[in-house]
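Source file: final_39.csv; contents: CSV, C-alpha atoms.
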chain,number,residue,atom,x,y,z
L,1,MET,CA,149.8,57.7,36.5
L,2,PHE,CA,151.9,59.0,39.3
L,3,GLU,CA,154.9,61.2,39.7
L,4,ALA,CA,157.6,61.4,42.4
L,5,PHE,CA,159.3,64.7,43.2
L,6,THR,CA,161.2,66.5,46.0
L,7,SER,CA,159.4,69.3,47.8
L,8,SER,CA,160.8,72.7,48.3
L,9,SER,CA,159.3,74.2,51.5
L,10,HIS,CA,159.0,73.6,55.2
L,11,PRO,CA,157.8,76.1,57.8
L,12,HIS,CA,160.0,75.0,60.6
L,13,TYR,CA,163.4,76.1,61.9
L,14,GLN,CA,166.4,74.3,60.4
L,15,PRO,CA,168.2,72.1,63.0
L,16,SER,CA,172.0,72.1,62.9
L,17,TYR,CA,172.1,68.5,61.8
L,18,LEU,CA,170.3,69.2,58.5
L,19,PRO,CA,172.3,70.0,55.4
L,20,ASN,CA,173.0,73.7,54.8
L,21,ARG,CA,171.3,75.4,51.8
L,22,THR,CA,173.2,77.8,49.7
L,23,GLU,CA,172.1,80.6,47.4
L,24,SER,CA,173.2,81.4,43.9
L,25,VAL,CA,176.6,83.1,43.5
L,26,LEU,CA,174.7,86.1,42.3
L,27,SER,CA,173.5,86.6,45.8
L,28,THR,CA,177.1,86.7,47.1
L,29,ARG,CA,178.0,90.1,48.6
L,30,LEU,CA,181.0,91.5,46.8
L,31,PHE,CA,182.9,94.8,47.3
L,32,ALA,CA,184.5,96.9,44.7
L,33,PRO,CA,188.3,97.4,45.2
L,34,SER,CA,189.4,100.8,46.4
L,35,ASN,CA,191.2,101.9,43.3
L,36,SER,CA,188.1,103.8,42.3
L,37,PRO,CA,188.6,105.5,45.2
L,38,LEU,CA,185.0,104.6,46.0
L,39,GLN,CA,184.2,101.4,47.9
L,40,TYR,CA,180.7,100.0,47.7
L,41,PRO,CA,178.7,96.7,47.4
L,42,ILE,CA,178.7,95.8,43.8
L,43,GLN,CA,176.5,92.8,44.2
L,44,GLY,CA,174.3,91.0,46.8
L,45,PHE,CA,172.9,94.0,48.7
L,46,LYS,CA,169.3,93.0,49.6
L,47,VAL,CA,166.7,94.8,51.7
L,48,ARG,CA,163.2,94.1,52.8
L,49,PRO,CA,160.5,96.4,51.5
L,50,MET,CA,160.2,99.6,53.6
L,51,THR,CA,162.7,98.3,56.1
L,52,PRO,CA,165.8,100.4,57.1
L,53,THR,CA,169.0,98.5,56.2
L,54,PHE,CA,172.6,99.6,56.5
L,55,ILE,CA,174.4,99.7,53.2
L,56,PRO,CA,177.5,97.5,53.8
L,57,GLY,CA,181.0,98.4,52.7
L,58,LEU,CA,180.6,102.1,51.9
L,59,ALA,CA,183.9,103.9,52.2
L,60,LEU,CA,186.2,106.5,50.6
L,61,HIS,CA,189.9,105.9,49.9
L,62,ALA,CA,191.4,109.2,48.9
L,63,GLU,CA,194.6,111.1,49.3
L,64,GLN,CA,195.0,113.9,51.7
L,65,ARG,CA,192.6,116.8,51.1
L,66,LYS,CA,191.4,119.8,53.0
L,67,ASN,CA,187.9,118.6,52.7
L,68,TYR,CA,186.0,115.5,51.6
L,69,THR,CA,182.5,115.5,50.1
L,70,VAL,CA,180.6,112.5,48.9
L,71,SER,CA,177.0,112.1,47.8
L,72,LEU,CA,174.5,109.2,47.5
L,73,LYS,CA,171.4,109.2,45.4
L,74,VAL,CA,168.5,106.7,45.0
L,75,SER,CA,165.1,106.8,43.3
L,76,GLU,CA,162.9,104.3,45.1
L,77,GLY,CA,163.8,105.1,48.7
L,78,VAL,CA,165.5,107.4,51.2
L,79,LEU,CA,168.9,107.5,52.7
L,80,SER,CA,169.8,108.2,56.3
L,81,THR,CA,172.9,108.3,58.6
L,82,VAL,CA,173.7,109.3,62.2
L,83,ILE,CA,173.9,112.9,63.5
L,84,PRO,CA,177.4,114.0,62.5
L,85,ALA,CA,180.1,114.9,64.9
L,86,GLU,CA,181.7,118.3,65.1
L,87,GLY,CA,183.6,119.0,61.9
L,88,ALA,CA,181.2,117.1,59.7
L,89,LYS,CA,178.0,118.0,57.8
L,90,VAL,CA,175.2,116.0,56.5
L,91,GLN,CA,172.5,117.2,54.1
L,92,GLY,CA,169.4,115.4,52.9
L,93,ASN,CA,169.1,113.0,55.9
L,94,GLY,CA,165.9,111.0,55.3
L,95,GLU,CA,165.7,112.0,51.6
L,96,SER,CA,166.5,110.4,48.3
L,97,ARG,CA,169.8,112.4,48.0
L,98,LEU,CA,172.3,112.4,50.9
L,99,MET,CA,175.5,114.5,51.0
L,100,VAL,CA,178.2,113.9,53.6
L,101,GLU,CA,181.1,116.3,54.1
L,102,SER,CA,184.0,116.3,56.5
L,103,SER,CA,187.5,117.5,56.9
L,104,SER,CA,188.5,114.1,58.3
L,105,LEU,CA,188.5,111.1,56.1
L,106,GLU,CA,188.1,108.8,59.2
L,107,THR,CA,185.0,110.7,60.3
L,108,LEU,CA,183.5,110.7,56.8
L,109,ASN,CA,183.9,106.9,56.6
L,110,GLU,CA,182.3,106.5,60.0
L,111,LEU,CA,179.3,108.3,58.7
L,112,LEU,CA,179.3,106.3,55.5
L,113,ALA,CA,179.3,103.1,57.6
L,114,ASP,CA,176.1,104.2,59.2
L,115,VAL,CA,174.2,105.0,56.0
L,116,SER,CA,170.9,103.1,55.7
L,117,TYR,CA,168.5,102.6,52.8
L,118,THR,CA,164.7,102.4,53.2
L,119,SER,CA,162.4,101.8,50.2
L,120,THR,CA,159.4,104.0,50.2
L,121,VAL,CA,156.9,101.9,48.2
L,122,TYR,CA,155.9,98.4,49.3
L,123,HIS,CA,156.7,95.8,46.6
L,124,ILE,CA,157.6,92.2,47.3
L,125,HIS,CA,160.2,92.1,44.6
L,126,THR,CA,161.7,95.1,42.9
L,127,GLY,CA,165.0,97.0,42.9
L,128,ASP,CA,166.7,100.4,43.0
L,129,LEU,CA,170.0,101.8,41.7
L,130,ALA,CA,172.2,103.9,44.1
L,131,SER,CA,174.6,106.5,42.7
L,132,PHE,CA,177.8,107.1,44.8
L,133,GLN,CA,179.9,110.2,43.9
L,134,PHE,CA,183.1,111.8,44.9
L,135,GLU,CA,184.5,114.6,42.8
L,136,ASP,CA,184.8,113.2,39.2
L,137,HIS,CA,184.3,109.6,40.4
L,138,GLU,CA,180.9,107.9,40.2
L,139,ALA,CA,179.8,104.4,40.9
L,140,VAL,CA,176.3,102.8,40.6
L,141,PHE,CA,175.3,99.7,42.5
L,142,PRO,CA,172.1,97.7,42.6
L,143,ILE,CA,169.8,97.3,45.6
L,144,THR,CA,167.5,94.3,45.5
L,145,ILE,CA,164.2,95.0,47.3
L,146,LYS,CA,162.6,91.7,48.1
L,147,GLN,CA,160.4,90.0,50.7
L,148,PRO,CA,162.5,87.0,51.8
L,149,GLN,CA,161.1,83.6,50.9
L,150,PRO,CA,160.8,80.7,53.4
L,151,PRO,CA,164.0,78.7,53.4
L,152,VAL,CA,164.1,75.3,51.7
L,153,LEU,CA,163.9,73.1,54.7
L,154,TYR,CA,162.6,69.7,55.7
L,155,HIS,CA,162.9,67.3,58.5
L,156,MET,CA,163.7,63.8,57.1
L,157,GLY,CA,162.2,61.3,59.5
L,158,THR,CA,162.8,57.6,59.5
L,159,ASP,CA,159.3,56.4,58.6
L,160,ILE,CA,157.6,56.9,55.2
L,161,ASN,CA,154.9,59.2,56.7
L,162,SER,CA,157.5,61.8,57.5
L,163,GLN,CA,159.3,61.5,54.2
L,164,VAL,CA,156.5,61.6,51.6
L,165,THR,CA,153.2,63.4,51.0
L,166,ILE,CA,150.7,62.2,48.4
L,167,THR,CA,149.2,65.0,46.3
L,168,THR,CA,146.4,65.1,43.8
L,169,LYS,CA,144.0,67.4,42.0
L,170,THR,CA,140.3,66.6,41.4
L,171,PHE,CA,137.4,68.1,39.5
L,172,LEU,CA,133.9,66.6,39.8
L,173,ARG,CA,135.3,63.1,40.2
L,174,TYR,CA,134.5,62.2,43.8
L,175,PRO,CA,133.8,58.4,43.2
L,176,GLU,CA,137.3,58.1,41.7
L,177,LEU,CA,138.8,60.3,44.4
L,178,ASN,CA,137.2,58.2,47.2
L,179,ALA,CA,138.4,55.0,45.6
L,180,LEU,CA,141.9,56.5,45.5
L,181,LEU,CA,141.8,57.4,49.2
L,182,LYS,CA,140.5,54.0,50.1
L,183,SER,CA,143.3,52.3,48.3
L,184,ILE,CA,145.9,54.6,49.9
L,185,ARG,CA,144.6,53.9,53.4
L,186,GLN,CA,144.7,50.1,52.7
L,187,PHE,CA,148.5,50.3,52.5
L,188,TYR,CA,149.5,53.7,54.1
L,189,LYS,CA,147.1,54.5,57.0
L,190,ASP,CA,148.9,57.6,58.3
L,191,ILE,CA,150.5,59.2,55.2
L,192,GLU,CA,149.5,62.8,54.5
L,193,VAL,CA,147.3,63.4,51.5
L,194,ILE,CA,146.7,66.8,50.0
L,195,ILE,CA,143.8,67.3,47.6
L,196,ALA,CA,143.3,70.4,45.5
L,197,ASP,CA,139.6,70.6,44.5
L,198,ASP,CA,138.1,73.1,42.0
L,199,SER,CA,134.8,71.4,41.5
L,200,PHE,CA,131.7,73.5,41.0
L,201,VAL,CA,129.9,71.8,43.9
L,202,THR,CA,132.3,70.3,46.4
L,203,GLU,CA,131.8,67.4,48.7
L,204,ASN,CA,133.3,66.8,52.2
L,205,ILE,CA,136.3,64.5,52.3
L,206,PRO,CA,136.5,63.1,55.8
L,207,GLY,CA,139.5,61.4,57.4
L,208,ASP,CA,142.7,61.9,59.3
L,209,HIS,CA,145.9,63.1,57.6
L,210,ILE,CA,143.9,64.6,54.7
L,211,GLN,CA,144.1,68.3,53.6
L,212,HIS,CA,141.2,69.1,51.4
L,213,SER,CA,141.9,72.5,49.8
L,214,ILE,CA,138.8,74.1,48.1
L,215,MET,CA,139.7,76.3,45.2
L,216,PRO,CA,137.5,78.7,43.1
L,217,PRO,CA,135.7,76.6,40.5
L,218,ALA,CA,137.4,75.4,37.3
L,219,GLN,CA,140.8,76.8,37.9
L,220,GLY,CA,142.5,74.0,36.0
L,221,TRP,CA,145.1,71.3,36.6
L,222,PHE,CA,148.2,73.5,36.8
L,223,ALA,CA,146.6,75.9,39.4
L,224,GLY,CA,145.5,72.8,41.4
L,225,ARG,CA,149.0,71.3,41.2
L,226,ASN,CA,150.6,74.5,42.3
L,227,LEU,CA,148.3,74.8,45.3
L,228,ALA,CA,148.8,71.2,46.4
L,229,VAL,CA,152.6,71.2,46.1
L,230,SER,CA,152.8,74.6,48.0
L,231,GLN,CA,151.4,72.8,51.0
L,232,VAL,CA,153.9,70.0,51.1
L,233,THR,CA,156.3,70.0,54.1
L,234,THR,CA,158.0,66.7,53.5
L,235,LYS,CA,161.2,66.1,51.5
L,236,TYR,CA,159.3,64.2,48.8
L,237,PHE,CA,155.8,64.2,47.4
L,238,LEU,CA,154.1,61.7,45.2
L,239,TRP,CA,151.7,63.2,42.6
L,240,VAL,CA,148.9,60.9,41.5
L,241,ASP,CA,145.9,61.5,39.3
L,242,ASP,CA,142.6,61.2,41.2
L,243,ASP,CA,141.7,57.9,39.4
L,244,PHE,CA,144.9,56.2,40.4
L,245,LEU,CA,144.6,53.1,42.6
L,246,PHE,CA,147.3,51.8,45.1
L,247,THR,CA,147.9,48.1,45.1
L,248,GLU,CA,150.3,45.8,47.0
L,249,LEU,CA,152.8,46.5,44.2
L,250,THR,CA,152.8,50.3,44.9
L,251,LYS,CA,155.9,50.7,47.0
L,252,ILE,CA,156.6,54.3,48.0
L,253,GLU,CA,159.4,53.1,50.2
L,254,GLU,CA,161.2,51.8,47.1
L,255,MET,CA,160.8,55.1,45.3
L,256,VAL,CA,162.4,56.9,48.3
L,257,ARG,CA,165.2,54.4,48.5
L,258,VAL,CA,166.0,55.0,44.8
L,259,MET,CA,165.9,58.8,45.3
L,260,GLU,CA,168.1,58.7,48.3
L,261,ALA,CA,170.6,56.3,46.8
L,262,ASN,CA,170.9,58.5,43.6
L,263,PRO,CA,171.0,62.1,44.6
L,264,GLU,CA,172.0,63.0,41.0
L,265,LEU,CA,168.7,61.5,39.7
L,266,ASP,CA,166.8,64.2,38.0
L,267,GLU,CA,164.9,62.8,35.0
L,268,VAL,CA,162.9,59.6,34.6
L,269,TRP,CA,161.0,58.1,31.7
L,270,THR,CA,157.3,58.1,31.9
L,271,GLY,CA,156.1,56.1,28.9
L,272,LEU,CA,155.1,59.1,26.8
L,273,ARG,CA,155.9,58.9,23.1
L,274,PHE,CA,155.3,61.4,20.3
L,275,LEU,CA,153.9,59.6,17.2
L,276,ALA,CA,152.1,61.0,14.1
L,277,GLY,CA,151.6,64.4,15.6
L,278,GLN,CA,150.2,63.2,18.9
L,279,TRP,CA,151.5,62.2,22.4
L,280,PHE,CA,150.5,58.7,23.5
L,281,TRP,CA,151.0,56.5,26.6
L,282,THR,CA,152.9,53.5,25.4
L,283,GLY,CA,151.2,50.2,26.3
L,284,ASP,CA,147.5,51.2,26.1
L,285,GLY,CA,147.9,53.8,23.3
L,286,GLU,CA,145.8,56.3,25.1
L,287,ALA,CA,146.3,59.9,23.7
L,288,VAL,CA,147.4,62.6,26.0
L,289,GLN,CA,145.7,66.0,25.6
L,290,ASP,CA,146.9,68.2,28.4
L,291,VAL,CA,150.6,68.5,27.6
L,292,ASP,CA,152.6,71.7,27.9
L,293,GLU,CA,152.5,74.0,24.9
L,294,GLU,CA,156.2,73.5,24.0
L,295,MET,CA,155.5,69.7,23.8
L,296,GLN,CA,152.7,70.1,21.2
L,297,CYS,CA,155.0,69.8,18.2
L,298,GLY,CA,157.8,67.6,19.6
L,299,ARG,CA,161.4,68.6,19.1
L,300,THR,CA,163.7,66.9,16.7
L,301,GLN,CA,164.8,63.5,18.1
L,302,SER,CA,163.1,64.4,21.3
L,303,PHE,CA,159.9,62.3,21.0
L,304,CYS,CA,159.8,60.8,24.5
L,305,GLY,CA,158.4,62.4,27.7
L,306,VAL,CA,160.3,62.7,31.0
L,307,LEU,CA,159.6,63.9,34.4
L,308,VAL,CA,162.2,66.4,35.7
L,309,LYS,CA,162.5,66.4,39.5
L,310,ASN,CA,162.6,70.2,40.1
L,311,SER,CA,160.8,71.4,37.0
L,312,THR,CA,157.5,73.4,37.1
L,313,LYS,CA,156.3,71.7,33.9
L,314,ARG,CA,154.2,68.6,33.9
L,315,TYR,CA,156.4,66.8,31.4
L,316,GLU,CA,159.4,67.7,29.3
L,317,THR,CA,160.8,66.1,26.1
L,318,GLU,CA,164.1,64.2,25.7
L,319,ASP,CA,166.0,62.2,23.2
L,320,CYS,CA,164.6,58.7,23.3
L,321,SER,CA,168.1,57.1,23.2
L,322,LYS,CA,169.1,58.7,26.5
L,323,LYS,CA,169.6,56.2,29.3
L,324,LEU,CA,167.4,57.1,32.2
L,325,ASN,CA,165.5,55.3,35.0
L,326,PHE,CA,161.9,54.4,34.2
L,327,LEU,CA,158.8,55.4,36.2
L,328,CYS,CA,155.9,53.0,35.8
L,329,TYR,CA,153.1,51.2,37.6
L,330,ARG,CA,150.9,48.2,37.0
L,331,LYS,CA,147.2,48.6,36.7
L,332,PRO,CA,145.1,46.5,39.0
Do you think you could lay out the structure here as structure tokens?
Amino acid sequence: MFEAFTSSSHPHYQPSYLPNRTESVLSTRLFAPSNSPLQYPIQGFKVRPMTPTFIPGLALHAEQRKNYTVSLKVSEGVLSTVIPAEGAKVQGNGESRLMVESSSLETLNELLADVSYTSTVYHIHTGDLASFQFEDHEAVFPITIKQPQPPVLYHMGTDINSQVTITTKTFLRYPELNALLKSIRQFYKDIEVIIADDSFVTENIPGDHIQHSIMPPAQGWFAGRNLAVSQVTTKYFLWVDDDFLFTELTKIEEMVRVMEANPELDEVWTGLRFLAGQWFWTGDGEAVQDVDEEMQCGRTQSFCGVLVKNSTKRYETEDCSKKLNFLCYRKP
């Protein structure tokens, strides 16, 4: 069988003519209104691990006073600001608790605008809570500490080789794998092929446009799939089992045409049916053993298997009466 998906990584810079990618609204930087009278980032403040980063939007909006004192406190990092001008005082520079005092509200806000946060322990994805205080007012805002991920980018060329990568996983089945590669090259001489291999004893797979990734032995199908897909740099990838064979009826161009013409396309039927407590391929009646755990019992009225374009699962269940496109191939 085979599966067609979109990929989600590309190491290159995004040219201006490619579509922009947007993050979740939860990543949007928002600021609390000044009726607090504390102003601070209530959402979307992200820093890299152990990298000084200015805290945006910090300010105090208070009525006239003889003196203004604010404090900031964190638990997973340190806070710093610039050396204060005359008439202002800073305590705890470079520590987890920072206090800023000034007789001038303007000067105080200038110091707050230069406050930076630096996490002190390296972690690729964690967080901190910052406490911001003035007199009886206190506000707490989150700080996301995260190593940035590569952006979701791809360069969509005009030929099939720049649009699709073929991926597969193999384990001690080199005759079948070599037959697959031979059939691919019969119809697609220059298309990239990525092989995840967790065999106990590996064999060399020669040839151009082949990435043969050797894994620790017996890591399993899902680990191999994750490895292979992580190396894809084209917009689409075509997953095939290592015993699949390409024929003159295998038209990757047609798959791409359908995907491009239907951007809303997300699910396709696969021919999986749940009958009498077991998943089968319709047509040949072959039982399927390696389905996800949540598919073992089959949900009510969801006795058909689908491929979901951006899912991390191999298959998902769906109501058999739902109208979807169908993914199939003809055996040689």
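Considering only C-alpha atoms, the residue among L:Ala59, L:Leu177, L:Val47, L:Leu172 positioned nearest to Thr202 in chain L is L:Leu172.
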Name all residues at most 7 Å from Asn93 in chain L (count only C-alpha atoms; drop same-chain ones fewer than 5 positions away) and give them as an MDAnalysis selection string.
chainID L and resid 79:81 98
A straight line from CA of Ser213 in chain L to CA of Tyr122 in chain L spans 29.4 Å
Could you name the residues that touch Gln64 in chain L at 12 Å or less, counting all atoms listed in the file, but leaving out those on the same chain fewer than 4 positions away, as a PyMOL selection string?
chain L and resi 60+68+103-106
Kindly extract all protein, DNA and RNA residues lying within 10 Å of the coordinates (162.9, 93.8, 40.3) given in the file, considering only C-alpha atoms, and supply them as a PyMOL selection string.
chain L and resi 123-128+143-146
Within 12 Å of file point (181.3, 100.0, 48.8), counting all atoms listed in the file, expressed as a CSV table (one decimal) with C-alpha atoms, keeping the file's coordinate frame:
chain,number,residue,atom,x,y,z
L,29,ARG,CA,178.0,90.1,48.6
L,30,LEU,CA,181.0,91.5,46.8
L,31,PHE,CA,182.9,94.8,47.3
L,32,ALA,CA,184.5,96.9,44.7
L,33,PRO,CA,188.3,97.4,45.2
L,34,SER,CA,189.4,100.8,46.4
L,35,ASN,CA,191.2,101.9,43.3
L,36,SER,CA,188.1,103.8,42.3
L,37,PRO,CA,188.6,105.5,45.2
L,38,LEU,CA,185.0,104.6,46.0
L,39,GLN,CA,184.2,101.4,47.9
L,40,TYR,CA,180.7,100.0,47.7
L,41,PRO,CA,178.7,96.7,47.4
L,42,ILE,CA,178.7,95.8,43.8
L,43,GLN,CA,176.5,92.8,44.2
L,44,GLY,CA,174.3,91.0,46.8
L,45,PHE,CA,172.9,94.0,48.7
L,54,PHE,CA,172.6,99.6,56.5
L,55,ILE,CA,174.4,99.7,53.2
L,56,PRO,CA,177.5,97.5,53.8
L,57,GLY,CA,181.0,98.4,52.7
L,58,LEU,CA,180.6,102.1,51.9
L,59,ALA,CA,183.9,103.9,52.2
L,60,LEU,CA,186.2,106.5,50.6
L,61,HIS,CA,189.9,105.9,49.9
L,72,LEU,CA,174.5,109.2,47.5
L,109,ASN,CA,183.9,106.9,56.6
L,112,LEU,CA,179.3,106.3,55.5
L,113,ALA,CA,179.3,103.1,57.6
L,115,VAL,CA,174.2,105.0,56.0
L,130,ALA,CA,172.2,103.9,44.1
L,131,SER,CA,174.6,106.5,42.7
L,132,PHE,CA,177.8,107.1,44.8
L,133,GLN,CA,179.9,110.2,43.9
L,138,GLU,CA,180.9,107.9,40.2
L,139,ALA,CA,179.8,104.4,40.9
L,140,VAL,CA,176.3,102.8,40.6
L,141,PHE,CA,175.3,99.7,42.5
L,142,PRO,CA,172.1,97.7,42.6
